[in-house]
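Note: the block below is query.csv and it holds CSV, C-alpha atoms.
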chain,number,residue,atom,x,y,z
R,25,MET,CA,106.5,185.1,196.3
R,26,LYS,CA,108.2,181.7,195.5
R,27,CYS,CA,106.2,178.8,194.1
R,28,ASP,CA,106.6,177.0,197.5
R,29,GLU,CA,104.5,179.7,199.1
R,30,PHE,CA,101.8,179.2,196.5
R,31,THR,CA,101.6,175.5,197.4
R,32,GLU,CA,100.1,176.6,200.7
R,33,LEU,CA,97.5,178.7,198.9
R,34,ILE,CA,96.7,175.8,196.6
R,35,ASN,CA,96.1,173.6,199.6
R,36,LEU,CA,94.0,176.2,201.3
R,37,GLU,CA,92.0,176.6,198.1
R,38,ILE,CA,91.3,172.8,198.1
R,39,ASP,CA,90.0,173.1,201.7
R,40,GLY,CA,87.9,176.1,200.8
R,41,LEU,CA,89.8,178.5,203.1
R,42,LEU,CA,91.1,181.1,200.7
R,43,THR,CA,90.2,184.7,201.2
R,44,ALA,CA,89.2,186.8,198.2
R,45,HIS,CA,92.5,188.5,198.3
R,46,GLN,CA,94.4,185.2,198.4
R,47,THR,CA,92.3,183.8,195.6
R,48,GLU,CA,93.2,186.8,193.4
R,49,LYS,CA,96.9,186.5,194.2
R,50,LEU,CA,96.9,182.7,193.5
R,51,HIS,CA,95.1,183.0,190.2
R,52,SER,CA,97.3,185.8,188.9
R,53,HIS,CA,100.3,183.6,189.8
R,54,LEU,CA,98.8,180.6,188.0
R,55,HIS,CA,98.6,182.6,184.8
R,56,SER,CA,102.3,182.8,184.7
R,57,CYS,CA,103.4,179.5,186.3
R,58,PRO,CA,102.7,176.2,184.5
R,59,GLU,CA,104.4,174.2,187.3
R,60,CYS,CA,102.0,175.5,189.9
R,61,VAL,CA,99.1,174.9,187.5
R,62,ALA,CA,100.2,171.2,187.2
R,63,LYS,CA,100.6,170.9,191.0
R,64,ARG,CA,97.2,172.4,191.6
R,65,VAL,CA,95.6,169.9,189.1
R,66,ALA,CA,97.5,167.0,190.8
R,67,LEU,CA,96.6,167.9,194.4
R,68,ARG,CA,93.0,168.6,193.5
R,69,ARG,CA,92.7,165.3,191.7
R,70,ALA,CA,94.3,163.4,194.6
R,71,SER,CA,91.9,165.0,197.1
R,72,ARG,CA,88.9,164.3,194.9
R,73,GLN,CA,89.9,160.7,194.5
R,74,LEU,CA,90.3,160.3,198.3
R,75,ALA,CA,87.0,162.0,199.0
R,76,ALA,CA,85.3,159.8,196.4
R,77,LEU,CA,86.1,156.6,198.4
R,78,LYS,CA,82.8,154.9,199.1
R,79,ALA,CA,81.6,155.2,202.6
R,80,VAL,CA,81.5,151.8,204.4
R,81,ARG,CA,78.7,151.0,206.8
R,82,LEU,CA,78.5,148.8,209.9
R,83,PRO,CA,76.0,146.0,210.0
R,84,PRO,CA,72.6,146.8,211.6
R,85,GLY,CA,72.6,146.2,215.3
R,86,PHE,CA,76.3,146.9,215.7
R,87,HIS,CA,75.6,149.4,218.5
R,88,ARG,CA,73.9,146.6,220.5
R,89,MET,CA,77.2,144.6,220.4
R,90,VAL,CA,79.0,147.7,221.7
R,91,MET,CA,76.5,148.2,224.5
R,92,ALA,CA,76.7,144.5,225.3
R,93,ARG,CA,80.5,144.8,225.7
R,94,ILE,CA,79.9,147.9,228.0
R,95,GLU,CA,77.4,145.9,230.0
R,96,GLU,CA,80.0,143.2,230.6
R,97,LEU,CA,82.3,145.8,232.2
R,98,ALA,CA,79.7,146.7,234.9
R,99,PRO,CA,80.1,143.7,237.2
R,100,GLU,CA,83.9,144.2,237.3
R,101,ARG,CA,83.4,147.8,238.4
R,102,ILE,CA,80.8,146.9,241.0
R,103,ALA,CA,83.2,144.3,242.4
R,104,HIS,CA,85.9,146.9,242.5
R,105,PHE,CA,83.6,149.3,244.4
R,106,GLY,CA,82.5,146.5,246.7
R,107,ARG,CA,86.1,145.8,247.6
R,108,ASN,CA,86.7,149.5,248.3
R,109,ALA,CA,83.7,149.5,250.6
R,110,LEU,CA,85.0,146.5,252.5
R,111,ILE,CA,88.4,148.2,253.0
R,112,GLY,CA,86.6,151.3,254.2
R,113,ALA,CA,84.6,149.2,256.7
R,114,VAL,CA,87.8,147.5,258.0
R,115,ILE,CA,89.5,151.0,258.5
R,116,GLY,CA,86.4,152.2,260.3
R,117,VAL,CA,86.4,149.2,262.7
R,118,LEU,CA,90.1,149.8,263.4
R,119,GLY,CA,89.4,153.4,264.1
R,120,PHE,CA,86.6,152.5,266.5
R,121,LEU,CA,88.8,150.0,268.4
R,122,LEU,CA,91.5,152.7,268.7
R,123,LEU,CA,88.9,155.0,270.3
R,124,LEU,CA,87.7,152.2,272.6
R,125,LEU,CA,91.3,151.3,273.8
R,126,PRO,CA,91.6,154.2,276.4
R,127,LEU,CA,88.2,153.3,277.8
R,128,LEU,CA,89.2,149.7,278.3
R,129,GLY,CA,92.4,150.9,280.0
R,130,HIS,CA,90.5,153.0,282.5
R,131,SER,CA,88.4,150.1,283.6
R,132,SER,CA,91.3,148.6,285.5
R,133,THR,CA,93.2,150.5,288.3
R,134,PRO,CA,95.4,153.1,286.7
R,135,PRO,CA,99.1,152.9,287.6
R,136,ALA,CA,99.0,156.5,288.7
R,137,GLU,CA,96.5,155.8,291.5
R,138,LEU,CA,98.6,152.8,292.6
R,139,SER,CA,101.5,155.1,293.0
R,140,VAL,CA,99.5,157.5,295.1
R,141,SER,CA,98.3,154.8,297.6
R,142,GLN,CA,101.9,153.4,297.8
R,143,VAL,CA,103.2,156.8,298.6
R,144,GLU,CA,100.5,157.4,301.2
R,145,THR,CA,101.3,154.1,302.9
R,146,GLU,CA,105.0,155.0,302.9
R,147,VAL,CA,104.3,158.4,304.4
R,148,GLU,CA,102.1,157.0,307.2
R,149,SER,CA,104.7,154.4,308.2
R,150,ASP,CA,107.5,156.9,308.3
R,151,LEU,CA,105.8,159.7,310.1
R,152,PRO,CA,108.9,160.6,312.3
R,153,GLN,CA,111.0,161.1,309.2
R,154,ILE,CA,108.7,163.8,307.8
R,155,THR,CA,111.3,165.6,305.8
R,156,PRO,CA,112.5,162.7,303.7
R,157,ALA,CA,108.9,161.6,303.3
R,158,VAL,CA,107.9,165.0,302.0
R,159,ASP,CA,110.8,164.7,299.5
R,160,ASP,CA,109.5,161.2,298.5
R,161,LEU,CA,106.0,162.6,298.2
R,162,THR,CA,107.3,165.4,296.0
R,163,ASN,CA,109.2,163.0,293.8
R,164,ALA,CA,106.2,160.7,293.6
R,165,SER,CA,103.9,163.6,292.6
R,166,VAL,CA,106.3,164.5,289.8
R,167,SER,CA,106.3,160.9,288.6
R,168,ILE,CA,102.5,160.7,288.9
R,169,PHE,CA,102.2,164.0,286.9
R,170,ASP,CA,104.6,162.6,284.2
R,171,SER,CA,102.7,159.4,284.1
R,172,VAL,CA,99.4,161.2,283.7
R,173,LEU,CA,100.9,163.4,281.1
R,174,GLN,CA,102.2,160.4,279.1
R,175,ASN,CA,98.8,158.7,279.5
R,176,THR,CA,97.0,161.8,278.3
R,177,SER,CA,99.2,162.3,275.2
R,178,ALA,CA,98.9,158.5,274.3
R,179,VAL,CA,95.1,158.8,274.7
R,180,ARG,CA,95.1,161.9,272.6
R,181,VAL,CA,97.1,160.2,269.8
R,182,GLU,CA,94.8,157.2,269.9
R,183,PHE,CA,91.8,159.5,269.8
R,184,ILE,CA,93.1,161.5,266.8
R,185,VAL,CA,94.2,158.5,264.8
R,186,GLY,CA,90.9,156.7,265.6
R,187,THR,CA,88.8,159.7,264.6
R,188,CYS,CA,90.8,160.0,261.4
R,189,LEU,CA,90.3,156.4,260.5
R,190,ILE,CA,86.6,156.6,261.2
R,191,LEU,CA,86.4,159.8,259.0
R,192,VAL,CA,88.3,158.0,256.1
R,193,SER,CA,85.9,155.1,256.5
R,194,MET,CA,82.9,157.3,256.4
R,195,TRP,CA,84.2,159.1,253.3
R,196,ALA,CA,84.8,155.7,251.5
R,197,MET,CA,81.2,154.6,252.5
R,198,PHE,CA,79.8,157.9,251.2
R,199,LEU,CA,81.6,157.5,247.8
R,200,TYR,CA,80.4,153.9,247.6
R,201,LEU,CA,76.8,155.0,248.4
R,202,ILE,CA,76.9,157.8,245.8
R,203,ASP,CA,78.2,155.4,243.2
R,204,GLN,CA,75.5,152.8,244.1
R,205,GLU,CA,72.8,155.5,243.7
R,206,GLU,CA,74.1,156.4,240.3
R,207,ARG,CA,74.3,152.7,239.3
R,208,THR,CA,70.7,152.1,240.5
R,209,ALA,CA,69.5,155.0,238.4
R,210,ALA,CA,71.6,153.7,235.5
R,211,GLY,CA,70.0,150.2,235.7
R,212,TYR,CA,73.1,148.3,237.1
R,213,THR,CA,72.5,146.4,240.3
R,214,ALA,CA,70.4,143.2,240.4
R,215,LYS,CA,71.2,141.9,237.0
R,216,ASP,CA,74.9,142.9,237.2
R,217,ARG,CA,75.2,141.4,240.7
R,218,GLN,CA,73.9,138.1,239.3
R,219,HIS,CA,76.6,138.2,236.6
R,220,ALA,CA,79.2,139.2,239.3
O,17,MET,CA,65.8,169.3,219.2
O,18,ARG,CA,68.7,166.9,219.0
O,19,PRO,CA,70.6,166.8,222.3
O,20,SER,CA,74.2,167.9,222.1
O,21,ASP,CA,77.1,165.4,222.6
O,22,GLU,CA,78.0,167.0,225.9
O,23,SER,CA,74.5,166.7,227.3
O,24,LEU,CA,74.4,163.0,226.2
O,25,ILE,CA,77.7,162.5,228.1
O,26,GLN,CA,76.2,163.9,231.2
O,27,GLU,CA,73.2,161.7,230.8
O,28,ALA,CA,75.4,158.6,230.0
O,29,LEU,CA,77.3,159.1,233.3
O,30,LEU,CA,74.0,158.5,235.1
O,31,HIS,CA,72.1,156.3,232.6
O,32,ARG,CA,74.4,154.2,230.4
O,33,GLU,CA,71.5,153.8,227.8
O,34,ALA,CA,72.2,157.4,226.8
O,35,PHE,CA,75.6,156.3,225.5
O,36,THR,CA,73.8,154.2,222.8
O,37,GLU,CA,72.8,157.5,221.2
O,38,LEU,CA,76.4,158.6,221.0
O,39,VAL,CA,77.4,155.2,219.5
O,40,LEU,CA,74.7,155.5,216.9
O,41,ARG,CA,75.8,159.0,216.1
O,42,TYR,CA,79.4,158.2,215.6
O,43,GLN,CA,79.8,154.5,214.8
O,44,ASP,CA,79.9,154.9,211.0
O,45,LYS,CA,82.1,157.9,211.0
O,46,ILE,CA,84.6,156.1,213.3
O,47,TYR,CA,84.3,152.9,211.2
O,48,ASN,CA,85.1,154.8,208.0
O,49,LEU,CA,88.1,156.4,209.5
O,50,VAL,CA,89.4,153.1,211.1
O,51,TYR,CA,88.7,151.1,207.9
O,52,ARG,CA,90.6,153.6,205.7
O,53,MET,CA,93.4,153.7,208.3
O,54,THR,CA,93.8,149.9,208.6
O,55,GLY,CA,92.4,148.5,205.3
O,56,ASP,CA,90.9,145.6,207.2
O,57,ALA,CA,87.1,145.6,207.5
O,58,GLU,CA,86.7,142.9,210.1
O,59,GLU,CA,89.5,144.1,212.3
O,60,SER,CA,88.1,147.6,212.0
O,61,LYS,CA,84.8,146.5,213.5
O,62,ASP,CA,86.7,145.2,216.6
O,63,LEU,CA,88.7,148.4,216.8
O,64,VAL,CA,85.5,150.5,216.6
O,65,GLN,CA,84.0,148.5,219.4
O,66,GLU,CA,87.1,148.9,221.4
O,67,THR,CA,87.1,152.6,220.8
O,68,PHE,CA,83.6,153.0,222.2
O,69,VAL,CA,84.3,150.7,225.2
O,70,ARG,CA,87.4,152.8,226.0
O,71,ALA,CA,85.5,156.0,225.6
O,72,PHE,CA,82.7,154.8,227.9
O,73,THR,CA,85.1,153.7,230.6
O,74,ALA,CA,87.0,157.0,230.4
O,75,LEU,CA,83.9,159.1,230.3
O,76,ARG,CA,84.3,160.3,233.9
O,77,THR,CA,87.8,161.7,232.9
O,78,PHE,CA,86.4,163.5,229.9
O,79,GLN,CA,86.8,167.3,230.3
O,80,GLN,CA,83.4,168.9,230.0
O,81,ASP,CA,84.7,172.0,228.3
O,82,ALA,CA,86.3,169.9,225.5
O,83,ARG,CA,84.5,168.6,222.5
O,84,PHE,CA,83.5,165.0,222.3
O,85,SER,CA,84.2,164.2,218.7
O,86,PRO,CA,88.0,165.1,218.6
O,87,TRP,CA,88.4,163.1,221.8
O,88,LEU,CA,86.6,160.1,220.3
O,89,TYR,CA,88.6,160.4,217.1
O,90,ARG,CA,91.8,160.5,219.1
O,91,ILE,CA,90.9,157.2,220.8
O,92,ALA,CA,90.1,155.7,217.4
O,93,VAL,CA,93.4,156.9,215.9
O,94,ASN,CA,95.3,155.5,218.9
O,95,GLN,CA,93.6,152.2,218.4
O,96,CYS,CA,94.7,152.1,214.8
O,97,ILE,CA,98.2,153.0,215.7
O,98,ASN,CA,98.4,150.3,218.3
O,99,TYR,CA,96.9,147.9,215.9
O,100,GLN,CA,99.5,148.7,213.2
O,101,LYS,CA,102.2,148.3,215.8
O,102,ARG,CA,100.9,144.9,216.8
O,103,ARG,CA,100.7,143.9,213.2
O,104,ARG,CA,104.2,145.0,212.5
O,105,GLU,CA,105.5,143.1,215.6
O,106,HIS,CA,103.5,140.0,214.5
O,107,ALA,CA,104.8,140.3,211.0
O,108,LEU,CA,108.4,140.6,212.2
O,109,LEU,CA,108.0,137.6,214.5
O,110,SER,CA,106.4,135.5,211.8
O,111,GLU,CA,108.6,136.9,209.0
O,112,ASP,CA,105.4,137.0,206.9
O,113,ILE,CA,104.8,140.6,206.0
O,114,VAL,CA,101.4,140.8,204.4
O,115,PRO,CA,100.3,144.0,202.8
O,116,ASP,CA,97.3,145.6,204.5
O,117,THR,CA,95.2,145.5,201.4
O,118,ASN,CA,95.4,141.7,201.3
O,119,SER,CA,93.1,141.4,204.3
O,120,ARG,CA,89.7,142.1,202.9
O,121,GLY,CA,86.3,141.9,204.6
O,122,PRO,CA,82.9,141.9,202.9
O,123,GLU,CA,83.0,145.7,202.5
O,124,ALA,CA,86.2,145.5,200.5
O,125,THR,CA,85.0,142.7,198.3
O,126,ALA,CA,81.8,144.6,197.8
O,127,GLU,CA,83.7,147.6,196.5
O,128,GLN,CA,84.7,145.6,193.4
O,129,ASN,CA,86.0,148.8,192.0
O,130,GLU,CA,89.6,148.9,190.9
O,131,THR,CA,89.8,152.7,191.3
O,132,GLN,CA,88.7,152.4,194.9
O,133,GLU,CA,91.1,149.6,195.5
O,134,ARG,CA,94.0,151.6,194.1
O,135,VAL,CA,93.2,154.7,196.1
O,136,GLN,CA,92.8,152.7,199.2
O,137,LYS,CA,96.2,151.0,198.5
O,138,ALA,CA,97.8,154.5,198.0
O,139,VAL,CA,96.3,155.7,201.2
O,140,LEU,CA,97.6,152.7,203.1
O,141,SER,CA,101.1,153.3,201.7
O,142,LEU,CA,101.3,156.7,203.4
O,143,PRO,CA,103.2,156.9,206.6
O,144,GLN,CA,100.8,156.7,209.5
O,145,GLU,CA,101.1,160.3,210.8
O,146,TYR,CA,100.3,161.6,207.3
O,147,ARG,CA,97.5,159.1,206.7
O,148,ALA,CA,95.8,160.1,209.9
O,149,VAL,CA,95.8,163.8,209.0
O,150,ILE,CA,94.6,163.4,205.4
O,151,LEU,CA,91.8,160.9,206.4
O,152,LEU,CA,90.6,163.1,209.3
O,153,ARG,CA,90.4,166.0,206.8
O,154,HIS,CA,88.8,164.2,203.8
O,155,MET,CA,87.0,161.3,205.3
O,156,SER,CA,86.0,162.7,208.7
O,157,GLU,CA,85.8,166.3,207.3
O,158,LEU,CA,87.4,167.8,210.4
O,159,SER,CA,88.7,171.4,210.4
O,160,TYR,CA,92.4,172.1,210.8
O,161,GLN,CA,91.8,173.0,214.4
O,162,GLU,CA,89.7,169.8,215.1
O,163,ILE,CA,92.5,167.7,213.6
O,164,ALA,CA,95.0,169.6,215.8
O,165,ASP,CA,92.8,168.8,218.9
O,166,THR,CA,92.4,165.2,217.8
O,167,LEU,CA,96.1,164.5,217.2
O,168,GLN,CA,97.2,166.9,219.9
O,169,MET,CA,99.6,168.7,217.7
O,170,PRO,CA,100.1,172.4,216.7
O,171,LEU,CA,98.0,173.8,214.0
O,172,GLY,CA,101.1,174.5,211.9
O,173,THR,CA,102.1,170.9,212.0
O,174,VAL,CA,98.7,169.8,210.9
O,175,LYS,CA,98.9,172.1,207.8
O,176,VAL,CA,102.5,170.9,206.9
O,177,ARG,CA,101.5,167.3,207.3
O,178,LEU,CA,98.2,167.7,205.4
O,179,PHE,CA,99.9,169.5,202.5
O,180,ARG,CA,102.7,167.0,202.4
O,181,ALA,CA,100.2,164.1,202.6
O,182,ARG,CA,98.4,165.3,199.5
O,183,GLU,CA,101.6,165.5,197.6
O,184,MET,CA,102.6,162.0,198.7
O,185,LEU,CA,99.1,160.7,197.9
O,186,HIS,CA,99.4,162.1,194.4
O,187,GLU,CA,102.9,160.5,194.0
O,188,ARG,CA,101.4,157.1,195.1
O,189,LEU,CA,98.5,157.5,192.8
O,190,VAL,CA,100.9,158.1,189.9
O,191,GLU,CA,102.7,154.9,190.9
O,192,GLU,CA,99.4,153.1,190.8
O,193,GLY,CA,98.7,154.5,187.4
O,194,MET,CA,95.9,156.6,188.7
O,195,SER,CA,97.3,160.0,187.9
O,196,GLU,CA,99.7,161.7,185.6

Encoding of this model in structure tokens:
Amino acid sequence: MKCDEFTELINLEIDGLLTAHQTEKLHSHLHSCPECVAKRVALRRASRQLAALKAVRLPPGFHRMVMARIEELAPERIAHFGRNALIGAVIGVLGFLLLLLPLLGHSSTPPAELSVSQVETEVESDLPQITPAVDDLTNASVSIFDSVLQNTSAVRVEFIVGTCLILVSMWAMFLYLIDQEERTAAGYTAKDRQHA
Amino acid sequence: MRPSDESLIQEALLHREAFTELVLRYQDKIYNLVYRMTGDAEESKDLVQETFVRAFTALRTFQQDARFSPWLYRIAVNQCINYQKRRREHALLSEDIVPDTNSRGPEATAEQNETQERVQKAVLSLPQEYRAVILLRHMSELSYQEIADTLQMPLGTVKVRLFRAREMLHERLVEEGMSE
């Protein structure tokens, strides 16, 4: 083994991590290597001098200053959660309005029904020309069907988007309430709100 | 029985008063490390305070299977590194490079011990990455693995840096006339 490799053993010895076998190996090397002996003395002395540095202590009540700083953070966080709750509420209202839209649309006469009555009037007035009228009726039925289909898919999209928005809003509210509960238990709330 | 750090963290997430116990438990250890890292007693107090504030705000992100003390020491070491960086930038801007040991607080003046002053000066002259390792070992008495966890480096790197730091410290102490 070279001297460099014994440097590791010297360091491990300083840290009290040498095994019995390693100790024996190091000591037998030290008997024949004055350089390693000098290094061992030097490293041990440096470590001792470092460890002998006096411990410094914080003034009494320092922890109260730390906790006061932490207290100061609370209003900011509450304001942050309050803002999130507001955004959640706005999303919820938007979702609700989207769900209401189709209902508001049905309150007036649907365009599909208008088409039916127009077609019926046309058919009655043009009774002699039955064949063309039947063709017209067929075309009108197809357009009514398309219109209903379009309306249905639009309603479906509105319904899905609206429901999603309401669910997102409910989740935001849920998180807000959970956090508020934790805060109430932790003693944030009234005093912090005054600060906020 | 004394509650564990991890159970205090759980408690502190619900009742912030529980964090006081963690502050009391670690404040002097962190202060000693930070003071020896920076050499500035007054600045160290601010850094210790900042360390605990940052730890508290990041408590929700703390992984429960990890140990609290290496995590806290890591925040403290990062605070010291940032502080040194700010100092260097400030010194470069003002072209007024003042040695760390010149900024003394009440603790430093109370030391009134030349030996202590010289050792502190030798420690401060070590490159930061070596200083952190040797202080975590000898001041904070962390194991190799704990130092590796704290500084997020491989165990082998910790050993290499620690052994080299001791040699460098010895060289600096010789320069200070403290050793042969």

Do you have, as a tab-separated table, the list of residues of chain O lying at most 8 Å from chain R, each with its nearest atom pair and that distance in Å to one decimal, counting all atoms listed in the file and ordered by chain then number?
residue	atom	partner	partner_atom	distance
O:Leu30	CA	R:Ala210	CA	5.4
O:His31	CA	R:Ala210	CA	3.9
O:Arg32	CA	R:Ala210	CA	5.8
O:Glu33	CA	R:Ala210	CA	7.7
O:Thr36	CA	R:His87	CA	6.7
O:Val39	CA	R:His87	CA	6.2
O:Leu40	CA	R:His87	CA	6.4
O:Gln43	CA	R:His87	CA	7.6
O:Asp44	CA	R:Arg81	CA	5.9
O:Tyr47	CA	R:Leu82	CA	7.2
O:Asn48	CA	R:Val80	CA	5.9
O:Lys61	CA	R:Leu82	CA	7.6
O:Gln65	CA	R:Val90	CA	5.6
O:Phe68	CA	R:Val90	CA	7.0
O:Val69	CA	R:Ile94	CA	5.9
O:Phe72	CA	R:Ile94	CA	7.4
O:Glu123	CA	R:Val80	CA	6.6
O:Glu127	CA	R:Lys78	CA	7.8
O:Gln132	CA	R:Leu77	CA	6.1
O:Val135	CA	R:Leu74	CA	6.7
O:Gln136	CA	R:Leu77	CA	7.8
O:His154	CA	R:Ala75	CA	5.6
O:Met155	CA	R:Ala75	CA	6.3
O:Phe179	CA	R:Asn35	CA	6.3
O:Arg182	CA	R:Leu67	CA	6.0
O:Glu183	CA	R:Leu67	CA	6.4
O:Leu185	CA	R:Ala70	CA	6.4
O:His186	CA	R:Ala70	CA	5.3
O:Leu189	CA	R:Ala70	CA	7.5
O:Ser195	CA	R:Ala66	CA	7.6
O:Glu196	CA	R:Ala66	CA	7.7

Return the single residue from O:Tyr89, O:Arg180, O:Gln144, O:Glu192 that is closest to O:Lys101, with distances computed using all atoms listed in the file.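 Between O:Tyr89, O:Arg180, O:Gln144, O:Glu192, the residue approaching O:Lys101 most closely is O:Gln144.
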
May I have the residues within 12 Å of O:Leu152 as a PyMOL selection string, using all atoms listed in the file and disregarding those fewer than 5 positions away in the same chain? (chain R and resi 74-75) or (chain O and resi 45-46+48-50+52-53+85-86+89-90+92-93+145-147+157-167+174+177-178+181)

Correct to one decimal, the distance atom CA of O:Arg70-atom CA of O:Ala148 is 19.6 Å

Find the distance between atom CA of R:Gly40 and atom CA of O:Val139 and write it in Å to one decimal.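 Atom-to-atom, atom CA of R:Gly40 to atom CA of O:Val139, that is 22.1 Å.
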
Can you work out the spacing between atom CA of O:Ala34 and atom CA of O:Ser20 in Å, to one decimal?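 Computing it gives 11.7 Å between the two atoms.
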
For each of R:Met194, R:Val117, R:Val181, R:Cys60, take the minimum atom-to-atom distance to R:Asp28, counting all atoms listed in the file, then give the residue where this is smallest. R:Cys60

Hey, could you patch up stretch 37-49 of chain O with N, CA and C atoms and hand it over as a PDB file, in the frame of the given file?
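This is the output file part-v5.pdb:
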ATOM      1  N   GLU O  37      73.029 156.429 222.141  1.00  0.00           N
ATOM      2  CA  GLU O  37      72.800 157.500 221.200  1.00  0.00           C
ATOM      3  C   GLU O  37      74.128 158.017 220.604  1.00  0.00           C
ATOM      4  N   LEU O  38      75.126 158.120 221.480  1.00  0.00           N
ATOM      5  CA  LEU O  38      76.400 158.600 221.000  1.00  0.00           C
ATOM      6  C   LEU O  38      77.078 157.522 220.090  1.00  0.00           C
ATOM      7  N   VAL O  39      76.871 156.254 220.405  1.00  0.00           N
ATOM      8  CA  VAL O  39      77.400 155.200 219.500  1.00  0.00           C
ATOM      9  C   VAL O  39      76.749 155.269 218.170  1.00  0.00           C
ATOM     10  N   LEU O  40      75.422 155.399 218.172  1.00  0.00           N
ATOM     11  CA  LEU O  40      74.700 155.500 216.900  1.00  0.00           C
ATOM     12  C   LEU O  40      75.135 156.697 216.085  1.00  0.00           C
ATOM     13  N   ARG O  41      75.402 157.767 216.795  1.00  0.00           N
ATOM     14  CA  ARG O  41      75.800 159.000 216.100  1.00  0.00           C
ATOM     15  C   ARG O  41      77.136 158.937 215.460  1.00  0.00           C
ATOM     16  N   TYR O  42      78.050 158.203 216.072  1.00  0.00           N
ATOM     17  CA  TYR O  42      79.400 158.200 215.600  1.00  0.00           C
ATOM     18  C   TYR O  42      79.965 156.926 215.006  1.00  0.00           C
ATOM     19  N   GLN O  43      79.243 155.833 215.149  1.00  0.00           N
ATOM     20  CA  GLN O  43      79.800 154.500 214.800  1.00  0.00           C
ATOM     21  C   GLN O  43      80.283 154.462 213.326  1.00  0.00           C
ATOM     22  N   ASP O  44      79.471 154.967 212.403  1.00  0.00           N
ATOM     23  CA  ASP O  44      79.900 154.900 211.000  1.00  0.00           C
ATOM     24  C   ASP O  44      81.027 155.799 210.648  1.00  0.00           C
ATOM     25  N   LYS O  45      81.033 156.970 211.270  1.00  0.00           N
ATOM     26  CA  LYS O  45      82.100 157.900 211.000  1.00  0.00           C
ATOM     27  C   LYS O  45      83.454 157.294 211.524  1.00  0.00           C
ATOM     28  N   ILE O  46      83.409 156.719 212.701  1.00  0.00           N
ATOM     29  CA  ILE O  46      84.600 156.100 213.300  1.00  0.00           C
ATOM     30  C   ILE O  46      85.010 154.883 212.429  1.00  0.00           C
ATOM     31  N   TYR O  47      84.011 154.132 211.984  1.00  0.00           N
ATOM     32  CA  TYR O  47      84.300 152.900 211.200  1.00  0.00           C
ATOM     33  C   TYR O  47      84.984 153.306 209.871  1.00  0.00           C
ATOM     34  N   ASN O  48      84.478 154.351 209.219  1.00  0.00           N
ATOM     35  CA  ASN O  48      85.100 154.800 208.000  1.00  0.00           C
ATOM     36  C   ASN O  48      86.547 155.193 208.164  1.00  0.00           C
ATOM     37  N   LEU O  49      86.770 155.951 209.215  1.00  0.00           N
ATOM     38  CA  LEU O  49      88.100 156.400 209.500  1.00  0.00           C
ATOM     39  C   LEU O  49      89.044 155.189 209.786  1.00  0.00           C
TER      40      LEU O  49
END
